[in-house]
$ cat final_38.csv   # CSV, C-alpha atoms and all ligand atoms
chain,number,residue,atom,x,y,z
A,1,MET,CA,78.3,-23.6,-110.0
A,2,LYS,CA,81.0,-23.3,-112.7
A,3,LEU,CA,80.6,-22.9,-116.4
A,4,ASN,CA,83.8,-23.3,-118.4
A,5,LEU,CA,83.2,-22.9,-122.0
A,6,ASN,CA,85.7,-22.9,-124.8
A,7,ILE,CA,84.2,-20.4,-127.2
A,8,GLN,CA,85.2,-18.0,-130.0
A,9,PRO,CA,84.1,-14.3,-129.9
A,10,LEU,CA,80.9,-13.6,-131.7
A,11,ASN,CA,82.3,-11.1,-134.1
A,12,SER,CA,84.9,-13.7,-135.3
A,13,TRP,CA,82.1,-15.9,-136.7
A,14,LEU,CA,79.2,-13.7,-137.4
A,15,LYS,CA,79.2,-10.7,-139.7
A,16,ILE,CA,77.1,-8.1,-138.0
A,17,THR,CA,76.0,-5.8,-140.7
A,18,SER,CA,74.2,-3.3,-138.5
A,19,GLU,CA,74.4,-2.6,-134.7
A,20,PRO,CA,72.8,-4.0,-132.7
A,21,LEU,CA,72.9,-7.6,-134.1
A,22,LEU,CA,69.4,-8.4,-135.3
A,23,ILE,CA,68.3,-12.0,-136.3
A,24,ALA,CA,64.9,-11.7,-137.8
A,25,GLY,CA,62.4,-13.7,-139.8
A,26,PRO,CA,59.1,-15.4,-139.6
A,27,CYS,CA,58.2,-17.7,-136.7
A,28,SER,CA,57.6,-20.4,-139.3
A,29,ALA,CA,58.4,-20.8,-142.9
A,30,GLU,CA,54.9,-21.2,-144.4
A,31,THR,CA,55.2,-21.0,-148.2
A,32,GLU,CA,58.1,-20.3,-150.5
A,33,GLU,CA,56.5,-16.9,-151.5
A,34,GLN,CA,56.0,-15.9,-147.8
A,35,LEU,CA,59.6,-16.7,-146.9
A,36,ILE,CA,61.2,-15.1,-149.9
A,37,ALA,CA,59.1,-12.0,-149.8
A,38,THR,CA,59.7,-11.5,-146.0
A,39,ALA,CA,63.5,-12.1,-146.5
A,40,HIS,CA,63.6,-9.5,-149.3
A,41,LEU,CA,61.8,-6.9,-147.1
A,42,LEU,CA,64.0,-7.6,-144.2
A,43,ALA,CA,67.2,-7.4,-146.2
A,44,LYS,CA,65.9,-4.1,-147.6
A,45,THR,CA,65.9,-2.6,-144.1
A,46,GLY,CA,69.7,-3.0,-143.9
A,47,LYS,CA,69.3,-3.8,-140.2
A,48,VAL,CA,69.2,-7.6,-140.3
A,49,SER,CA,72.3,-9.7,-140.1
A,50,VAL,CA,70.7,-13.2,-140.1
A,51,LEU,CA,67.4,-14.6,-141.5
A,52,ARG,CA,65.6,-16.9,-139.1
A,53,ALA,CA,62.7,-19.3,-139.8
A,54,GLY,CA,61.2,-22.3,-138.1
A,55,ILE,CA,60.9,-25.4,-140.3
A,56,TRP,CA,60.1,-27.9,-137.6
A,57,LYS,CA,57.8,-26.4,-135.0
A,58,PRO,CA,57.4,-27.7,-131.5
A,59,ARG,CA,53.6,-27.2,-130.9
A,60,THR,CA,51.9,-27.6,-127.5
A,61,ARG,CA,48.9,-29.5,-128.9
A,62,PRO,CA,48.8,-32.0,-131.8
A,63,GLY,CA,46.9,-31.1,-134.8
A,64,GLU,CA,48.3,-27.6,-135.0
A,65,PHE,CA,50.7,-26.6,-137.8
A,66,GLU,CA,53.9,-28.4,-137.0
A,67,GLY,CA,56.2,-26.7,-139.5
A,68,ILE,CA,56.6,-27.1,-143.2
A,69,GLY,CA,59.4,-29.6,-142.8
A,70,SER,CA,62.5,-30.3,-145.0
A,71,ILE,CA,61.1,-28.5,-148.1
A,72,GLY,CA,61.5,-25.2,-146.1
A,73,LEU,CA,65.2,-25.7,-146.1
A,74,GLN,CA,65.3,-25.3,-149.9
A,75,TRP,CA,63.3,-22.0,-149.5
A,76,LEU,CA,65.8,-20.8,-147.0
A,77,LYS,CA,68.6,-21.7,-149.4
A,78,LEU,CA,66.9,-19.7,-152.1
A,79,ALA,CA,66.3,-16.8,-149.7
A,80,LYS,CA,70.0,-16.7,-148.9
A,81,GLU,CA,71.0,-16.8,-152.5
A,82,GLU,CA,68.7,-13.9,-153.3
A,83,THR,CA,69.3,-11.7,-150.3
A,84,GLY,CA,72.8,-12.7,-149.2
A,85,LEU,CA,71.5,-13.1,-145.6
A,86,PRO,CA,72.9,-16.1,-143.7
A,87,THR,CA,70.2,-18.4,-142.3
A,88,ALA,CA,69.2,-19.9,-139.0
A,89,VAL,CA,66.8,-22.7,-138.0
A,90,GLU,CA,65.7,-24.6,-134.9
A,91,VAL,CA,66.8,-28.2,-134.7
A,92,ALA,CA,65.4,-30.7,-132.2
A,93,THR,CA,66.7,-34.1,-133.4
A,94,ALA,CA,69.8,-35.6,-135.0
A,95,LYS,CA,67.9,-35.8,-138.3
A,96,HIS,CA,67.1,-32.1,-138.2
A,97,VAL,CA,70.8,-31.4,-137.7
A,98,GLU,CA,71.8,-33.6,-140.6
A,99,GLU,CA,69.2,-32.1,-143.0
A,100,ALA,CA,70.0,-28.5,-142.0
A,101,LEU,CA,73.7,-29.1,-142.5
A,102,LYS,CA,73.1,-30.7,-145.8
A,103,ALA,CA,71.0,-27.8,-146.9
A,104,GLY,CA,73.8,-25.3,-146.0
A,105,VAL,CA,72.0,-23.6,-143.1
A,106,ASP,CA,74.5,-21.2,-141.4
A,107,ILE,CA,73.3,-21.2,-137.8
A,108,LEU,CA,71.4,-23.8,-135.7
A,109,TRP,CA,69.5,-23.0,-132.6
A,110,VAL,CA,68.2,-25.3,-129.9
A,111,GLY,CA,64.6,-24.4,-128.8
A,112,ALA,CA,63.4,-23.9,-125.3
A,113,ARG,CA,61.4,-27.2,-125.3
A,114,SER,CA,64.6,-29.1,-126.3
A,115,THR,CA,66.9,-27.4,-123.8
A,116,VAL,CA,64.8,-28.8,-120.9
A,117,ASN,CA,65.6,-32.3,-122.0
A,118,PRO,CA,69.2,-33.5,-121.6
A,119,PHE,CA,68.5,-36.6,-123.8
A,120,THR,CA,67.4,-34.4,-126.7
A,121,VAL,CA,70.3,-31.9,-126.2
A,122,GLN,CA,72.8,-34.8,-126.1
A,123,GLU,CA,71.3,-36.3,-129.3
A,124,ILE,CA,71.8,-32.9,-131.0
A,125,ALA,CA,75.3,-32.6,-129.6
A,126,ASP,CA,76.3,-36.1,-130.8
A,127,ALA,CA,75.0,-35.2,-134.3
A,128,LEU,CA,77.2,-32.1,-134.2
A,129,LYS,CA,80.5,-33.8,-133.4
A,130,GLY,CA,83.2,-32.9,-135.9
A,131,VAL,CA,81.0,-30.2,-137.4
A,132,ASP,CA,82.0,-26.5,-137.5
A,133,ILE,CA,78.8,-24.5,-137.2
A,134,PRO,CA,77.5,-21.8,-134.9
A,135,VAL,CA,74.8,-23.0,-132.4
A,136,MET,CA,72.6,-20.8,-130.2
A,137,VAL,CA,70.9,-22.4,-127.2
A,138,LYS,CA,67.6,-20.9,-126.0
A,139,ASN,CA,66.9,-21.0,-122.3
A,140,PRO,CA,64.8,-23.9,-121.0
A,141,VAL,CA,61.0,-23.4,-120.7
A,142,ASN,CA,61.3,-23.5,-116.9
A,143,PRO,CA,63.5,-21.1,-114.9
A,144,ASP,CA,66.4,-23.5,-114.3
A,145,LEU,CA,69.8,-22.0,-114.9
A,146,SER,CA,71.6,-25.4,-114.6
A,147,LEU,CA,69.6,-26.9,-117.5
A,148,TRP,CA,70.6,-23.9,-119.6
A,149,CYS,CA,74.2,-24.3,-118.6
A,150,GLY,CA,74.1,-28.0,-119.1
A,151,ALA,CA,72.8,-27.7,-122.6
A,152,LEU,CA,75.5,-25.1,-123.5
A,153,GLU,CA,78.1,-27.5,-122.0
A,154,ARG,CA,76.9,-30.5,-124.0
A,155,ILE,CA,77.0,-28.6,-127.2
A,156,ASN,CA,80.4,-27.1,-126.4
A,157,ASN,CA,81.7,-30.6,-125.3
A,158,ALA,CA,80.8,-31.8,-128.8
A,159,GLY,CA,83.4,-29.3,-130.2
A,160,ILE,CA,81.1,-26.4,-131.0
A,161,THR,CA,83.0,-23.2,-130.2
A,162,LYS,CA,80.8,-20.8,-132.1
A,163,LEU,CA,78.3,-20.7,-129.3
A,164,ALA,CA,75.7,-18.2,-128.0
A,165,ALA,CA,72.7,-18.3,-125.6
A,166,ILE,CA,69.3,-16.9,-126.4
A,167,HIS,CA,67.2,-15.5,-123.6
A,168,ARG,CA,63.5,-16.1,-124.5
A,169,GLY,CA,61.9,-15.9,-121.1
A,170,PHE,CA,60.4,-18.6,-118.8
A,171,SER,CA,57.0,-20.1,-118.6
A,172,SER,CA,55.0,-19.3,-115.4
A,173,TYR,CA,51.8,-20.7,-114.0
A,174,GLU,CA,50.4,-17.2,-113.2
A,175,LYS,CA,49.1,-15.1,-116.1
A,176,THR,CA,51.3,-12.0,-116.4
A,177,ALA,CA,51.8,-9.3,-119.0
A,178,PHE,CA,54.4,-11.5,-120.6
A,179,ARG,CA,53.9,-14.7,-122.5
A,180,ASN,CA,57.2,-15.9,-120.9
A,181,GLU,CA,58.5,-14.1,-117.9
A,182,PRO,CA,61.8,-12.5,-118.7
A,183,MET,CA,63.4,-13.2,-115.3
A,184,TRP,CA,66.3,-11.0,-116.2
A,185,GLU,CA,68.2,-12.2,-113.2
A,186,LEU,CA,68.7,-15.6,-114.8
A,187,ALA,CA,70.3,-14.1,-117.9
A,188,ILE,CA,72.5,-11.9,-115.7
A,189,GLN,CA,73.6,-15.0,-113.7
A,190,LEU,CA,74.5,-16.8,-116.9
A,191,LYS,CA,76.5,-13.7,-118.0
A,192,THR,CA,78.3,-13.8,-114.6
A,193,LEU,CA,79.1,-17.5,-114.9
A,194,ALA,CA,80.4,-17.1,-118.5
A,195,PRO,CA,81.2,-13.5,-119.3
A,196,GLU,CA,82.6,-14.4,-122.7
A,197,LEU,CA,79.3,-16.1,-123.8
A,198,PRO,CA,77.2,-13.9,-126.0
A,199,ILE,CA,73.6,-13.6,-125.0
A,200,ILE,CA,70.9,-12.7,-127.5
A,201,ASN,CA,67.5,-11.6,-126.4
A,202,ASP,CA,64.3,-12.8,-128.0
A,203,PRO,CA,61.7,-10.2,-127.1
A,204,SER,CA,59.1,-11.9,-129.4
A,205,HIS,CA,58.7,-15.0,-127.3
A,206,ILE,CA,59.1,-13.1,-124.0
A,207,CYS,CA,56.3,-10.7,-124.9
A,208,GLY,CA,53.9,-12.8,-126.9
A,209,ASN,CA,52.5,-9.5,-128.3
A,210,ARG,CA,53.8,-6.7,-130.4
A,211,GLU,CA,53.2,-3.9,-127.9
A,212,LEU,CA,55.9,-4.8,-125.4
A,213,ILE,CA,58.7,-5.7,-127.8
A,214,GLN,CA,60.3,-2.3,-127.9
A,215,TYR,CA,60.4,-2.1,-124.1
A,216,VAL,CA,62.0,-5.6,-123.7
A,217,ALA,CA,64.4,-5.1,-126.5
A,218,GLN,CA,65.6,-1.8,-125.0
A,219,LYS,CA,66.0,-3.4,-121.6
A,220,ALA,CA,68.1,-6.2,-123.1
A,221,LEU,CA,70.4,-3.7,-124.8
A,222,ASP,CA,70.7,-1.8,-121.6
A,223,LEU,CA,71.7,-5.0,-119.8
A,224,ASP,CA,74.5,-5.3,-122.5
A,225,MET,CA,73.1,-8.3,-124.3
A,226,GLN,CA,74.8,-8.9,-127.6
A,227,GLY,CA,71.8,-8.9,-130.0
A,228,LEU,CA,68.1,-9.5,-130.6
A,229,MET,CA,66.1,-12.2,-132.3
A,230,ILE,CA,62.8,-10.8,-133.4
A,231,GLU,CA,60.0,-12.5,-135.4
A,232,SER,CA,58.9,-10.8,-138.5
A,233,HIS,CA,56.3,-11.7,-141.1
A,234,LEU,CA,55.2,-9.9,-144.2
A,235,ASP,CA,51.6,-10.0,-143.0
A,236,PRO,CA,51.4,-11.0,-139.3
A,237,SER,CA,47.6,-11.0,-139.3
A,238,ILE,CA,47.6,-14.2,-141.4
A,239,ALA,CA,50.7,-15.8,-139.8
A,240,TRP,CA,50.2,-19.6,-139.2
A,241,THR,CA,52.1,-19.4,-135.9
A,242,ASP,CA,52.7,-16.7,-133.3
A,243,ALA,CA,50.6,-14.2,-135.2
A,244,LYS,CA,50.1,-11.8,-132.2
A,245,GLN,CA,53.8,-11.2,-131.7
A,246,GLN,CA,55.2,-10.9,-135.2
A,247,LEU,CA,56.1,-7.5,-136.8
A,248,THR,CA,56.1,-6.5,-140.4
A,249,PRO,CA,59.6,-5.8,-141.7
A,250,VAL,CA,58.7,-2.1,-141.8
A,251,ALA,CA,57.5,-2.1,-138.2
A,252,LEU,CA,60.6,-3.9,-137.2
A,253,SER,CA,62.8,-1.4,-138.9
A,254,GLU,CA,60.9,1.5,-137.2
A,255,LEU,CA,61.3,-0.2,-133.8
A,256,MET,CA,65.0,-0.7,-134.3
A,257,ASP,CA,65.3,3.1,-135.0
A,258,LEU,CA,63.7,3.8,-131.6
A,259,LEU,CA,66.2,1.7,-129.7
A,260,THR,CA,69.1,3.5,-128.0
A,261,LEU,CA,72.5,1.8,-128.1
A,262,ARG,CA,74.6,2.5,-125.1
A,263,LYS,CA,78.2,1.4,-124.8
A,264,PRO,CA,79.2,-0.9,-121.9
A,265,GLU,CA,82.1,1.3,-120.9
A,266,SER,CA,83.5,4.7,-121.6
A,267,ARG,CA,87.2,5.6,-122.1
A,268,ASP,CA,86.6,9.1,-120.9
A,269,LYS,CA,88.8,9.8,-117.8
A,270,GLU,CA,86.4,12.2,-116.1
A,271,PHE,CA,83.6,9.7,-116.5
A,272,ALA,CA,85.7,6.9,-115.1
A,273,ASP,CA,86.8,8.9,-112.1
A,274,LYS,CA,83.2,10.0,-111.3
A,275,LEU,CA,81.9,6.5,-111.7
A,276,ALA,CA,84.7,5.1,-109.4
A,277,GLN,CA,83.8,7.7,-106.8
A,278,LEU,CA,80.1,6.8,-106.9
A,279,ARG,CA,81.0,3.1,-106.7
A,280,LYS,CA,83.1,3.8,-103.6
A,281,ASN,CA,80.1,5.4,-102.0
A,282,ILE,CA,78.0,2.4,-102.9
A,283,ASP,CA,80.6,0.0,-101.5
A,284,LYS,CA,80.6,2.0,-98.2
A,285,ILE,CA,76.9,1.9,-97.9
A,286,ASP,CA,76.8,-1.9,-98.7
A,287,ASP,CA,79.3,-2.5,-95.9
A,288,GLN,CA,77.1,-0.5,-93.6
A,289,ILE,CA,74.0,-2.4,-94.6
A,290,ILE,CA,75.8,-5.7,-93.9
A,291,GLN,CA,77.1,-4.4,-90.6
A,292,LYS,CA,73.6,-3.3,-89.6
A,293,MET,CA,72.1,-6.6,-90.7
A,294,ALA,CA,74.6,-8.4,-88.4
A,295,GLU,CA,73.6,-6.1,-85.5
A,296,ARG,CA,70.0,-6.8,-86.2
A,297,MET,CA,70.5,-10.6,-86.2
A,298,GLN,CA,72.3,-10.3,-82.9
A,299,ILE,CA,69.3,-8.7,-81.4
A,300,VAL,CA,67.1,-11.4,-83.1
A,301,GLN,CA,69.3,-13.9,-81.3
A,302,LYS,CA,68.6,-12.3,-78.0
A,303,ILE,CA,64.9,-12.1,-78.7
A,304,GLY,CA,64.8,-15.8,-79.7
A,305,GLU,CA,66.5,-16.9,-76.5
A,306,TYR,CA,64.2,-14.7,-74.5
A,307,LYS,CA,61.1,-16.0,-76.1
A,308,ARG,CA,62.3,-19.6,-75.8
A,309,ASP,CA,63.2,-19.2,-72.1
A,310,ASN,CA,59.7,-17.7,-71.5
A,311,GLY,CA,57.8,-20.3,-73.6
A,312,VAL,CA,56.5,-17.8,-76.1
A,313,THR,CA,56.0,-18.6,-79.8
A,314,ILE,CA,58.4,-17.2,-82.5
A,315,LEU,CA,55.8,-15.5,-84.6
A,316,GLN,CA,53.5,-12.7,-83.4
A,317,VAL,CA,51.4,-11.7,-86.4
A,318,ASN,CA,50.5,-8.3,-84.9
A,319,ARG,CA,54.1,-7.3,-84.5
A,320,TRP,CA,54.9,-8.3,-88.1
A,321,ASP,CA,51.9,-6.3,-89.5
A,322,GLU,CA,53.1,-3.4,-87.4
A,323,ILE,CA,56.6,-3.6,-88.9
A,324,MET,CA,55.4,-3.9,-92.4
A,325,ASN,CA,53.0,-0.9,-92.1
A,326,LYS,CA,55.4,1.4,-90.3
A,327,ARG,CA,58.5,0.5,-92.4
A,328,GLY,CA,56.3,0.7,-95.6
A,329,ALA,CA,55.2,4.2,-94.7
A,330,PHE,CA,58.7,5.3,-93.9
A,331,ALA,CA,60.1,3.7,-97.1
A,332,SER,CA,57.4,5.5,-99.2
A,333,ALA,CA,58.2,8.8,-97.6
A,334,LEU,CA,61.8,8.2,-98.6
A,335,LYS,CA,60.6,7.5,-102.2
A,336,LEU,CA,61.6,3.8,-102.1
A,337,ASP,CA,59.6,1.4,-104.2
A,338,LEU,CA,57.0,-0.3,-102.0
A,339,ASN,CA,57.3,-3.6,-103.7
A,340,PHE,CA,61.1,-3.6,-103.3
A,341,THR,CA,60.8,-2.6,-99.6
A,342,GLY,CA,58.2,-5.3,-99.0
A,343,LYS,CA,60.4,-8.0,-100.5
A,344,LEU,CA,63.4,-6.8,-98.6
A,345,LEU,CA,61.6,-6.8,-95.3
A,346,GLU,CA,60.1,-10.2,-96.0
A,347,LEU,CA,63.5,-11.6,-96.7
A,348,ILE,CA,64.9,-10.2,-93.4
A,349,HIS,CA,61.9,-11.4,-91.5
A,350,SER,CA,62.2,-14.9,-92.9
A,351,GLU,CA,65.8,-15.0,-91.9
A,352,SER,CA,64.9,-13.8,-88.4
A,353,ILE,CA,62.3,-16.6,-88.1
A,354,ARG,CA,64.8,-19.2,-89.3
A,355,LYS,CA,67.3,-18.0,-86.8
A,356,GLN,CA,64.7,-18.1,-83.9
A,357,THR,CA,63.6,-21.6,-85.0
A,358,GLU,CA,67.2,-22.7,-84.7
A,359,ILE,CA,67.3,-21.2,-81.2
A,360,MET,CA,64.0,-22.7,-80.1
A,361,ASN,CA,65.3,-26.1,-81.1
A,362,ALA,CA,68.6,-25.7,-79.3
A,363,LYS,CA,69.2,-26.3,-75.7
A,364,PRO,CA,68.4,-23.4,-73.4
A,365,LEU,CA,71.5,-21.5,-72.4
A,366,VAL,CA,70.4,-21.4,-68.8
A,367,GLU,CA,69.1,-24.8,-67.6
A,368,GLU,CA,65.6,-24.4,-66.0
A,369,LYS,CA,65.5,-25.5,-62.4
B,401,LIG,C1,60.8,-20.0,-132.1
B,401,LIG,O1,61.8,-19.4,-132.0
B,401,LIG,O2,60.0,-19.9,-133.0
B,401,LIG,C2,60.5,-20.9,-131.0
B,401,LIG,C3,59.8,-22.0,-131.1
B,401,LIG,O3,61.0,-20.5,-129.8
B,401,LIG,P1,61.1,-21.1,-128.3
B,401,LIG,O4,61.9,-22.3,-128.4
B,401,LIG,O5,61.8,-20.0,-127.6
B,401,LIG,O6,59.7,-21.3,-127.9
B,402,MN,MN,57.6,-18.3,-132.6
$ encode --input "final_38.csv" --output "structure tokens"
Amino acid sequence: MKLNLNIQPLNSWLKITSEPLLIAGPCSAETEEQLIATAHLLAKTGKVSVLRAGIWKPRTRPGEFEGIGSIGLQWLKLAKEETGLPTAVEVATAKHVEEALKAGVDILWVGARSTVNPFTVQEIADALKGVDIPVMVKNPVNPDLSLWCGALERINNAGITKLAAIHRGFSSYEKTAFRNEPMWELAIQLKTLAPELPIINDPSHICGNRELIQYVAQKALDLDMQGLMIESHLDPSIAWTDAKQQLTPVALSELMDLLTLRKPESRDKEFADKLAQLRKNIDKIDDQIIQKMAERMQIVQKIGEYKRDNGVTILQVNRWDEIMNKRGAFASALKLDLNFTGKLLELIHSESIRKQTEIMNAKPLVEEK
């Protein structure tokens, strides 16, 4: 898959007042007082570069608070006038785009429930044609990298070059510690496909609770993401939406102080030399692993032919259990993570089974008399 985006660097269109970039604000604009007071408290921290607030809220069930609507845009305008913070809102229809632009919103974002739907994204993209405004695209609800890329492409094709992605995690059927599984590998894959595209992490919607936010935010920074979007409400206990995951501006400021900013690279010569040496060692080991894997698969090939020629099934459960137990114990003794070793062995095993299935279905090498 390819992703060719024509984009401008983040720092050319966004004034980052404090590192790391922090976009903060309530999940929803509720009242003028709530939004303005929250905005002032956030501005006072000196750590916030953009004020966010949901005006139109995509809710799972009808009858819940669906956002304050257009009036909230005027509150955002006022918040910007009073604090100087640029503003960001979620748009999900052409009408939202029009209204947000008219009200002078600085940044638009496409929500996770919109990114899943190419019709919706195209409608938003069409409404953005000829407009020069930054747009951030959240990942789709489901773990589908193509949908995320497709939405970025549609917005970019409409002429939006001030573009960023927001990683807000993915819905999963199983209950886990996260409201939305981070599935970091998908954000990393996006970064690999489009290294110039800034990715902002949204720990609030990944975690769904306050307790895990620091951990996720730190991990995002360690993965070299370009910023954070964190929900903040002046009194989360009475928030109309996402009450469990919002932080007070003071708590948010304290959390930011606890994060460690590391640089993606170092110019230090000694560091560079040492890193290059360590990477050389890794490259050598990777080559050995691949070579050993090829050797293993050659033996699998022989076993497959042998089983086929003797009319024996591919899978012997006892043998597999024995492998898992023995290798698991060995791996533990070597201080390897059991979960990692288990997954690795399962992957190797399933490839062995696939190979043997191929052999079973192929003609025997030696014709039976
Ligand atoms: C939000 O940012 O408030 C929101 C609705 O997020 P998401 O689209 O990630 O669910
Ligand atoms: Mn929210």
$ residues_near_ligand --input "final_38.csv" --ligand "ligand MN 402 (chain B)" --cutoff "9 Å" --atoms "all atoms listed in the file" --output "list in words"
Pro26, Cys27, Ser28, Ala53, Gly54, Lys57, Ser204, His205, Gly208, Glu231, Thr241, Asp242, Ala243, Gln245 and Gln246 of chain A
$ closest_residue --input "final_38.csv" --among "A:Ile166, A:Val121, A:Leu22, A:Leu278" --to "ligand LIG 401 (chain B)" --atoms "only C-alpha atoms and all ligand atoms"
A:Ile166
$ closest_residue --input "final_38.csv" --among "A:Thr31, A:Asn180, A:Ser332, A:Thr87" --to "ligand LIG 401 (chain B)" --atoms "all atoms listed in the file"
A:Asn180
$ residues_near_ligand --input "final_38.csv" --ligand "ligand LIG 401 (chain B)" --cutoff "10 Å" --atoms "all atoms listed in the file" --output "PyMOL selection string"
chain A and resi 25-28+52-59+89-92+109-115+137-141+166-171+180+202-206+229-231+241-242
$ write_last_selection --input "final_38.csv" --atoms "C-alpha atoms" --output "compact mmCIF listing (two decimals), keeping the file's coordinate frame"
# COMPACT_ATOMS: atom_id res chain seq x y z
CA GLY A 25 62.40 -13.70 -139.80
CA PRO A 26 59.10 -15.40 -139.60
CA CYS A 27 58.20 -17.70 -136.70
CA SER A 28 57.60 -20.40 -139.30
CA ARG A 52 65.60 -16.90 -139.10
CA ALA A 53 62.70 -19.30 -139.80
CA GLY A 54 61.20 -22.30 -138.10
CA ILE A 55 60.90 -25.40 -140.30
CA TRP A 56 60.10 -27.90 -137.60
CA LYS A 57 57.80 -26.40 -135.00
CA PRO A 58 57.40 -27.70 -131.50
CA ARG A 59 53.60 -27.20 -130.90
CA VAL A 89 66.80 -22.70 -138.00
CA GLU A 90 65.70 -24.60 -134.90
CA VAL A 91 66.80 -28.20 -134.70
CA ALA A 92 65.40 -30.70 -132.20
CA TRP A 109 69.50 -23.00 -132.60
CA VAL A 110 68.20 -25.30 -129.90
CA GLY A 111 64.60 -24.40 -128.80
CA ALA A 112 63.40 -23.90 -125.30
CA ARG A 113 61.40 -27.20 -125.30
CA SER A 114 64.60 -29.10 -126.30
CA THR A 115 66.90 -27.40 -123.80
CA VAL A 137 70.90 -22.40 -127.20
CA LYS A 138 67.60 -20.90 -126.00
CA ASN A 139 66.90 -21.00 -122.30
CA PRO A 140 64.80 -23.90 -121.00
CA VAL A 141 61.00 -23.40 -120.70
CA ILE A 166 69.30 -16.90 -126.40
CA HIS A 167 67.20 -15.50 -123.60
CA ARG A 168 63.50 -16.10 -124.50
CA GLY A 169 61.90 -15.90 -121.10
CA PHE A 170 60.40 -18.60 -118.80
CA SER A 171 57.00 -20.10 -118.60
CA ASN A 180 57.20 -15.90 -120.90
CA ASP A 202 64.30 -12.80 -128.00
CA PRO A 203 61.70 -10.20 -127.10
CA SER A 204 59.10 -11.90 -129.40
CA HIS A 205 58.70 -15.00 -127.30
CA ILE A 206 59.10 -13.10 -124.00
CA MET A 229 66.10 -12.20 -132.30
CA ILE A 230 62.80 -10.80 -133.40
CA GLU A 231 60.00 -12.50 -135.40
CA THR A 241 52.10 -19.40 -135.90
CA ASP A 242 52.70 -16.70 -133.30
$ residues_near_point --input "final_38.csv" --point "(70.5, -27.3, -143.3)" --cutoff "9 Å" --atoms "all atoms listed in the file" --output "number ranges by chain"
A: 70, 73-74, 76-77, 87-89, 96-108
$ closest_atom_pairs --input "final_38.csv" --of "region 122-215 of chain A" --to "region 259-277 of chain A" --cutoff "12 Å" --atoms "only C-alpha atoms" --output "Markdown table"
| residue | atom | partner | partner_atom | distance |
| --- | --- | --- | --- | --- |
| A:Ile213 | CA | A:Leu259 | CA | 10.7 |
| A:Gln214 | CA | A:Leu259 | CA | 7.4 |
| A:Tyr215 | CA | A:Leu259 | CA | 8.9 |
$ residues_around --input "final_38.csv" --residues "region 186-201 of chain A" --least-positions-apart "6" --cutoff "9 Å" --atoms "all atoms listed in the file" --output "MDAnalysis selection string"
chainID A and resid 1:5 7:10 21 136 138:139 143:145 148:149 163:169 216:217 220:221 223:230
$ closest_residue --input "final_38.csv" --among "A:Glu123, A:Asn339, A:Met360, A:Ile348" --to "Gly311 (chain A)" --atoms "all atoms listed in the file"
A:Met360
$ atom_distance --input "final_38.csv" --atom1 "CA of Asn318 (chain A)" --atom2 "CA of Glu305 (chain A)"
20.0 Å
$ atom_distance --input "final_38.csv" --atom1 "CA of Ile359 (chain A)" --atom2 "CA of Gly304 (chain A)"
6.1 Å
$ closest_residue --input "final_38.csv" --among "A:Thr248, A:Asn157, A:Asn209, A:Asn310" --to "Phe178 (chain A)" --atoms "all atoms listed in the file"
A:Asn209
$ atom_distance --input "final_38.csv" --atom1 "CA of Thr161 (chain A)" --atom2 "CA of Glu19 (chain A)"
22.8 Å
$ residues_around --input "final_38.csv" --residues "Thr17 (chain A)" --least-positions-apart "5" --cutoff "10 Å" --atoms "all atoms listed in the file" --output "number ranges by chain"
A: 22, 46-50, 85
$ write_last_selection --input "final_38.csv" --atoms "C-alpha atoms" --output "PDB file, in the frame of the given file"
ATOM      1  CA  LEU A  22      69.400  -8.400-135.300  1.00  0.00           C
ATOM      2  CA  GLY A  46      69.700  -3.000-143.900  1.00  0.00           C
ATOM      3  CA  LYS A  47      69.300  -3.800-140.200  1.00  0.00           C
ATOM      4  CA  VAL A  48      69.200  -7.600-140.300  1.00  0.00           C
ATOM      5  CA  SER A  49      72.300  -9.700-140.100  1.00  0.00           C
ATOM      6  CA  VAL A  50      70.700 -13.200-140.100  1.00  0.00           C
ATOM      7  CA  LEU A  85      71.500 -13.100-145.600  1.00  0.00           C
TER       8      LEU A  85
END
$ closest_residue --input "final_38.csv" --among "A:Phe340, A:Ala177, A:His349, A:Gly84" --to "Lys15 (chain A)" --atoms "all atoms listed in the file"
A:Gly84
$ closest_residue --input "final_38.csv" --among "A:Ala79, A:Ala39, A:Leu336, A:Leu14" --to "Pro134 (chain A)" --atoms "all atoms listed in the file"
A:Leu14
$ residues_near_point --input "final_38.csv" --point "(75.8, -32.7, -131.2)" --cutoff "9 Å" --atoms "all atoms listed in the file" --output "mmCIF file with C-alpha atoms, in the coordinates of the input"
data_model
loop_
_atom_site.group_PDB
_atom_site.id
_atom_site.type_symbol
_atom_site.label_atom_id
_atom_site.label_comp_id
_atom_site.auth_asym_id
_atom_site.auth_seq_id
_atom_site.Cartn_x
_atom_site.Cartn_y
_atom_site.Cartn_z
ATOM 1 C CA ALA A 94 69.800 -35.600 -135.000
ATOM 2 C CA VAL A 97 70.800 -31.400 -137.700
ATOM 3 C CA VAL A 121 70.300 -31.900 -126.200
ATOM 4 C CA GLN A 122 72.800 -34.800 -126.100
ATOM 5 C CA GLU A 123 71.300 -36.300 -129.300
ATOM 6 C CA ILE A 124 71.800 -32.900 -131.000
ATOM 7 C CA ALA A 125 75.300 -32.600 -129.600
ATOM 8 C CA ASP A 126 76.300 -36.100 -130.800
ATOM 9 C CA ALA A 127 75.000 -35.200 -134.300
ATOM 10 C CA LEU A 128 77.200 -32.100 -134.200
ATOM 11 C CA LYS A 129 80.500 -33.800 -133.400
ATOM 12 C CA GLY A 130 83.200 -32.900 -135.900
ATOM 13 C CA VAL A 131 81.000 -30.200 -137.400
ATOM 14 C CA ARG A 154 76.900 -30.500 -124.000
ATOM 15 C CA ILE A 155 77.000 -28.600 -127.200
ATOM 16 C CA ASN A 156 80.400 -27.100 -126.400
ATOM 17 C CA ASN A 157 81.700 -30.600 -125.300
ATOM 18 C CA ALA A 158 80.800 -31.800 -128.800
ATOM 19 C CA GLY A 159 83.400 -29.300 -130.200
ATOM 20 C CA ILE A 160 81.100 -26.400 -131.000
#
